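The structure under discussion appears below in the form of C-alpha cells.
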Amino acid sequence: MKIIDRYISRQLIVNLLFAIVVLSFVLVLGNIFRKLLPLLVNHDLPVEYVVGFVAYVLPFSLIFTIPWGLLTAVLLVFGRLSADNELTALRSNGVSIARICVPLVFIALLCTAASVWLNVAVAPAAQEQMRSIVFNLATRNPMALFGSDQVIDQFPGRKIYVGKKEGNKLENILVFETNEESMPMKVTHARLGMLETDLPNHRILMHLYNARYQQRDEVDPYDLRRMRDGINVAEGTLPISLEELYDKEKRRASRSMLSLEQLLEQLKDEDPKMRSSSRTEINKRFSFPIACLVFALVGVPLGITAHRRETSFGFAASLVIGVFYFLFIIVADTLRANAKLHPELLVWFPNVLFLALGWWLFRRLSRQ
C-alpha cells in the first residue's frame, strides 16, 4: 500500500500545484489589469511596483485557488484512475475506497492548514500593503500617476484629464473639482502644464498656462445655464496634496484588511451593523479553509463516477462547483451588515450543503 499511497500522493500534488499556478495566474493577471492597467499604459510604472503588487495580491488569490485547485486535482486524478480501471483493480484486491483516499485526507488537511494561515494572518496584511501601493507610488514617483489621454481620479475631490504627457510636460488639461456628491463644481481648462514634486510638503504642484475657469451654481449645479466663466490667467499653480490621497486610502480600508484581533475588538462596538459585519468576516475566514476538506469529499465520487479520460470534465466540473460555492459566500458577505439574516451563519451554508452531498455520494460509491 505504500507504493499506492506514494503514487496517488504524487499525482494529487502535481495536479494540485498545476491547478493552483494556473488559477492564481488568472486571478493575479485580472487584478493587474483591473488596478494597474492605467499605470502600465503610461510606461512610467517602475518594475518594483508591479512585482510588489503581484506579491501582495498573491496571498489573497491563494485563498480561492488552493481549495479550487484541490477540487480540480481530485477530479482529474480520481477520474483518470477510474478511466484506467486502476481503482477497479485495487478494489477487486480488497482495498476499500476509503483506504485509497488516505493520501488525499493528509493533503486536504495540509491545504486546510495553509488556507487558515493565509486567511487569518497573511492575506489581511498583504491587503493592507496593497492598499497603500498607490500612495507609495505617488510619494516616490508622482509623475507615474499621470498619463496621456487618461483621467486621474486617485486624488480626493479632483478628477484630472491630461490629453498628452511628455516627461513632466502636459497638454490639453482639464481639472474637475468635485463636491461630496462627486459633482464637478469647478472646471479648469489649460492648454499647457508642468508637473513639479514638492515632497518635503507632501504635494504635487501643477503649473497651468493659459488657463480659464468655470464655476457651477452652488444651489443648482445641474443647471448648466447658471455656469459662470471665471478669469483667464497666463500662469497659475494648482497644489495637489499627497496627504489627502493617503487619508483617502486609509478611509477605504475594508474588513478584509483587518487583523483577527481588530475584528474581535470590533465585536464590542455598540453599532449592531458593525458587530454583524465583524462576526461575518471572522466566520468567513474560517469557513473558506474548510472548503478544502469539503471539496475533497465531493470530488472523489464525482471524479470516479464520471468515467472520463479527458481532463476537460475535471476542469469544467471544478469550475461549476467552485463558482457556485464562492458565489454563495460572496452573496452572504454582502449581507454582513444585516444582523437579522445571520450572515455569519450563511457563510457556512455552502460547506454544510457540499458536505452533505459529498457524504451521500461517498457512501453510495463505497457500497457499489
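Ordering of the C-alpha cells sets the chain letters (A, B, ...), residue numbers begin anew at 1 in every chain, and ligands are numbered from 1 in the order given.
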
Please provide as a tab-separated table (two decimals) with N, CA and C atoms, in the first residue's frame all residues within 12 Å of Asn31 of chain A, with the sequence filter that same-chain residues fewer than 6 positions apart are discarded (counting only C-alpha atoms).
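This went into out.tsv:
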```
chain	number	residue	atom	x	y	z
A	24	SER	N	-4.15	30.89	-10.04
A	24	SER	CA	-3.56	32.09	-9.44
A	24	SER	C	-3.09	33.05	-10.52
A	25	PHE	N	-2.54	32.51	-11.60
A	25	PHE	CA	-2.10	33.37	-12.69
A	25	PHE	C	-3.27	34.15	-13.26
A	37	LEU	N	-3.64	48.73	-14.90
A	37	LEU	CA	-3.57	48.95	-16.35
A	37	LEU	C	-3.34	50.41	-16.72
A	50	VAL	N	5.20	46.73	-9.82
A	50	VAL	CA	4.46	45.60	-10.40
A	50	VAL	C	4.77	44.33	-9.62
A	53	PHE	N	3.10	44.53	-6.26
A	53	PHE	CA	1.65	44.33	-6.36
A	53	PHE	C	1.32	42.86	-6.49
A	54	VAL	N	2.09	42.15	-7.33
A	54	VAL	CA	1.87	40.71	-7.50
A	54	VAL	C	2.09	39.98	-6.18
A	55	ALA	N	3.13	40.37	-5.45
A	55	ALA	CA	3.43	39.72	-4.17
A	55	ALA	C	2.31	39.97	-3.15
A	56	TYR	N	1.69	41.14	-3.20
A	56	TYR	CA	0.63	41.45	-2.24
A	56	TYR	C	-0.70	40.79	-2.60
A	57	VAL	N	-0.99	40.69	-3.92
A	57	VAL	CA	-2.28	40.13	-4.33
A	57	VAL	C	-2.26	38.61	-4.35
A	58	LEU	N	-1.07	38.00	-4.41
A	58	LEU	CA	-0.98	36.54	-4.49
A	58	LEU	C	-1.57	35.83	-3.27
A	60	PHE	N	-3.96	36.76	-1.31
A	60	PHE	CA	-5.42	36.86	-1.39
A	60	PHE	C	-5.96	35.92	-2.46
A	61	SER	N	-5.23	35.77	-3.57
A	61	SER	CA	-5.66	34.85	-4.62
A	61	SER	C	-5.59	33.40	-4.16
A	130	MET	N	-1.09	46.30	-0.07
A	130	MET	CA	-1.53	46.60	-1.44
A	130	MET	C	-2.36	47.88	-1.48
```

Inset, instruction - Write down as a PyMOL selection string the residues of segment 156-335 of chain A whose backbone DSSP state falls under helix (DSSP H, G or I). - result: chain A and resi 199-201+224-226+242-251+255-257+260-266+272-306+312-334

Inset, instruction - Could you please determine the separation between atom CA of Val187 of chain A and atom CA of Asp229 of chain A in Å, to one decimal place? - result: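 Atom CA of Asp229 of chain A lies at a distance of 9.6 Å from atom CA of Val187 of chain A.
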
Legend entry - Nearest residue to Gly69 of chain A from the set A:Leu341, A:Val320, A:Ala356, A:Ile20 (distances using only C-alpha atoms): A:Ile20

Inset, instruction - Tell me which protein, DNA and RNA residues are within 12 Å of Tyr213 of chain A, counting only C-alpha atoms, leaving out same-chain ones fewer than 4 positions away, and put them as a list in words. - result: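 Once the adjacent positions are removed, what remains is Ile173, Leu174, Val175, Phe176, Glu177, Met185, Lys186, Val187, Thr188, His189, Ala190, Leu208, Met227, Arg228, Asp229, Gly230, Ile231, Asn232, Val233, Ala234 and Gly236 of chain A.
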
Those selected residues, please, written with C-alpha atoms and delivered as a CSV table (one decimal), in the first residue's frame.
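Result file follows (again_33.csv):
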```csv
chain,number,residue,atom,x,y,z
A,173,ILE,CA,-5.6,69.7,-19.3
A,174,LEU,CA,-9.0,69.6,-17.6
A,175,VAL,CA,-9.3,69.7,-13.9
A,176,PHE,CA,-12.7,69.0,-12.3
A,177,GLU,CA,-13.1,69.9,-8.6
A,185,MET,CA,-18.4,72.3,-9.2
A,186,LYS,CA,-15.3,74.0,-10.8
A,187,VAL,CA,-13.7,73.2,-14.1
A,188,THR,CA,-10.2,74.4,-15.1
A,189,HIS,CA,-9.1,74.3,-18.7
A,190,ALA,CA,-5.4,74.8,-19.6
A,208,LEU,CA,-1.0,75.7,-15.6
A,227,MET,CA,-22.4,78.2,-15.1
A,228,ARG,CA,-20.2,81.2,-14.6
A,229,ASP,CA,-17.0,81.9,-16.5
A,230,GLY,CA,-14.0,82.9,-14.3
A,231,ILE,CA,-10.9,84.8,-15.1
A,232,ASN,CA,-8.3,83.8,-17.6
A,233,VAL,CA,-4.7,83.5,-16.2
A,234,ALA,CA,-1.5,83.3,-18.1
A,236,GLY,CA,-1.2,79.6,-12.2
```

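Comparing A:Asn172, A:Asn201, A:Asn283, A:Gln129 by their smallest distance to Asp149 of chain A, the closest is A:Asn172 (using only C-alpha atoms).
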
Legend entry - Residues flagged strand (DSSP E or B) by DSSP in segment 116-204 of chain A, as a PyMOL selection string: chain A and resi 150-152+158-166+169-178+184-198+203-204

Give me a file of those residues, with C-alpha atoms, as a PDB file, in the first residue's frame.
```
ATOM      1  CA  GLN A 150      -6.416  59.471 -19.280  1.00  0.00           C
ATOM      2  CA  VAL A 151      -8.492  60.596 -16.307  1.00  0.00           C
ATOM      3  CA  ILE A 152      -6.647  60.585 -12.977  1.00  0.00           C
ATOM      4  CA  ARG A 158     -10.493  66.141  -8.116  1.00  0.00           C
ATOM      5  CA  LYS A 159     -10.625  64.424 -11.479  1.00  0.00           C
ATOM      6  CA  ILE A 160      -7.828  65.403 -13.856  1.00  0.00           C
ATOM      7  CA  TYR A 161      -7.736  64.740 -17.575  1.00  0.00           C
ATOM      8  CA  VAL A 162      -4.454  65.044 -19.475  1.00  0.00           C
ATOM      9  CA  GLY A 163      -4.524  64.925 -23.259  1.00  0.00           C
ATOM     10  CA  LYS A 164      -0.800  64.405 -23.732  1.00  0.00           C
ATOM     11  CA  LYS A 165       2.157  63.918 -21.417  1.00  0.00           C
ATOM     12  CA  GLU A 166       5.859  64.039 -22.217  1.00  0.00           C
ATOM     13  CA  LYS A 169       5.098  68.471 -19.542  1.00  0.00           C
ATOM     14  CA  LEU A 170       1.327  68.289 -20.024  1.00  0.00           C
ATOM     15  CA  GLU A 171      -1.006  69.396 -22.810  1.00  0.00           C
ATOM     16  CA  ASN A 172      -4.794  69.862 -23.006  1.00  0.00           C
ATOM     17  CA  ILE A 173      -5.574  69.697 -19.294  1.00  0.00           C
ATOM     18  CA  LEU A 174      -8.997  69.564 -17.644  1.00  0.00           C
ATOM     19  CA  VAL A 175      -9.272  69.710 -13.851  1.00  0.00           C
ATOM     20  CA  PHE A 176     -12.665  68.955 -12.289  1.00  0.00           C
ATOM     21  CA  GLU A 177     -13.055  69.932  -8.634  1.00  0.00           C
ATOM     22  CA  THR A 178     -15.972  67.955  -7.196  1.00  0.00           C
ATOM     23  CA  PRO A 184     -17.967  68.869 -10.762  1.00  0.00           C
ATOM     24  CA  MET A 185     -18.355  72.345  -9.233  1.00  0.00           C
ATOM     25  CA  LYS A 186     -15.334  73.995 -10.813  1.00  0.00           C
ATOM     26  CA  VAL A 187     -13.686  73.212 -14.130  1.00  0.00           C
ATOM     27  CA  THR A 188     -10.239  74.438 -15.128  1.00  0.00           C
ATOM     28  CA  HIS A 189      -9.058  74.341 -18.748  1.00  0.00           C
ATOM     29  CA  ALA A 190      -5.405  74.785 -19.641  1.00  0.00           C
ATOM     30  CA  ARG A 191      -3.535  74.298 -22.887  1.00  0.00           C
ATOM     31  CA  LEU A 192      -0.185  73.609 -21.260  1.00  0.00           C
ATOM     32  CA  GLY A 193       1.026  72.482 -17.876  1.00  0.00           C
ATOM     33  CA  MET A 194       4.084  71.422 -15.940  1.00  0.00           C
ATOM     34  CA  LEU A 195       4.365  68.970 -13.035  1.00  0.00           C
ATOM     35  CA  GLU A 196       6.654  69.600 -10.101  1.00  0.00           C
ATOM     36  CA  THR A 197       7.062  67.462  -6.994  1.00  0.00           C
ATOM     37  CA  ASP A 198       7.242  69.095  -3.585  1.00  0.00           C
ATOM     38  CA  ARG A 203       2.283  67.645  -2.507  1.00  0.00           C
ATOM     39  CA  ILE A 204       2.429  67.910  -6.286  1.00  0.00           C
TER      40      ILE A 204
END
```

With 9 Å as the cut-off and only C-alpha atoms counted, what is the closest atom pair between each nearby residue of segment 223-303 of chain A and segment 321-330 of chain A? Distances in Å to one decimal, ordered by chain and number, as a tab-separated table.
```
residue	atom	partner	partner_atom	distance
A:Lys284	CA	A:Ile329	CA	7.9
A:Phe288	CA	A:Ile329	CA	8.7
A:Ala291	CA	A:Tyr325	CA	8.7
A:Phe295	CA	A:Ile321	CA	8.7
```

Take the residues just selected and output them with C-alpha atoms as a JSON list (two decimals), in the first residue's frame.
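Saved as part06.json:
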```json
[["chain", "number", "residue", "atom", "x", "y", "z"],
["A", 284, "LYS", "CA", -15.72, 33.74, 6.59],
["A", 288, "PHE", "CA", -13.03, 29.23, 3.44],
["A", 291, "ALA", "CA", -13.72, 24.12, 1.65],
["A", 295, "PHE", "CA", -14.17, 19.73, -1.99]]
```

Inset, instruction - Name the closest residue to Ala113 of chain A among the candidates A:Leu355, A:Val347, A:Pro67, A:Leu260; distances are taken between atoms, counting only C-alpha atoms. - result: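 Once distances to Ala113 of chain A are computed over only C-alpha atoms, the minimum belongs to A:Pro67.
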
Inset, instruction - Name all residues at most 7 Å from segment 74-76 of chain A (count only C-alpha atoms; drop same-chain ones fewer than 4 positions away) and give them as JSON, numbers by chain. - result: {"A": [12, 70, 80, 296, 299, 300, 302, 303, 311, 314]}

Saved selection, atoms kept: N, CA and C atoms, as an mmCIF file, in the first residue's frame:
```cif
data_model
loop_
_atom_site.group_PDB
_atom_site.id
_atom_site.type_symbol
_atom_site.label_atom_id
_atom_site.label_comp_id
_atom_site.auth_asym_id
_atom_site.auth_seq_id
_atom_site.Cartn_x
_atom_site.Cartn_y
_atom_site.Cartn_z
ATOM 1 N N LEU A 12 -1.715 13.609 -7.044
ATOM 2 C CA LEU A 12 -2.506 14.695 -6.464
ATOM 3 C C LEU A 12 -1.683 15.971 -6.321
ATOM 4 N N LEU A 70 -7.403 22.133 -5.338
ATOM 5 C CA LEU A 70 -7.533 20.785 -4.785
ATOM 6 C C LEU A 70 -8.723 20.066 -5.405
ATOM 7 N N ARG A 80 -9.115 9.904 -13.734
ATOM 8 C CA ARG A 80 -8.154 9.149 -14.541
ATOM 9 C C ARG A 80 -7.969 7.735 -13.980
ATOM 10 N N ALA A 296 -12.656 17.950 -1.311
ATOM 11 C CA ALA A 296 -12.046 16.629 -1.439
ATOM 12 C C ALA A 296 -13.093 15.533 -1.333
ATOM 13 N N GLY A 299 -15.259 15.748 -4.522
ATOM 14 C CA GLY A 299 -14.537 15.466 -5.757
ATOM 15 C C GLY A 299 -14.302 14.004 -6.039
ATOM 16 N N VAL A 300 -14.088 13.201 -5.003
ATOM 17 C CA VAL A 300 -13.778 11.782 -5.212
ATOM 18 C C VAL A 300 -14.917 11.056 -5.921
ATOM 19 N N LEU A 302 -17.464 12.278 -7.575
ATOM 20 C CA LEU A 302 -17.752 12.889 -8.866
ATOM 21 C C LEU A 302 -16.713 12.492 -9.905
ATOM 22 N N GLY A 303 -15.443 12.479 -9.504
ATOM 23 C CA GLY A 303 -14.388 12.108 -10.430
ATOM 24 C C GLY A 303 -14.464 10.646 -10.849
ATOM 25 N N THR A 311 -9.362 15.481 -19.587
ATOM 26 C CA THR A 311 -9.222 16.402 -18.460
ATOM 27 C C THR A 311 -10.257 17.520 -18.514
ATOM 28 N N GLY A 314 -12.852 17.400 -15.687
ATOM 29 C CA GLY A 314 -12.354 17.823 -14.375
ATOM 30 C C GLY A 314 -12.338 19.326 -14.227
#
```

Legend entry - Non-local contacts of Ala108 of chain A (12 Å; only C-alpha atoms; under 2 positions in same chain excluded) as a ChimeraX atom specification: /A:9,12-13,16,66-71,73-74,101-106,110-115,289-297,299
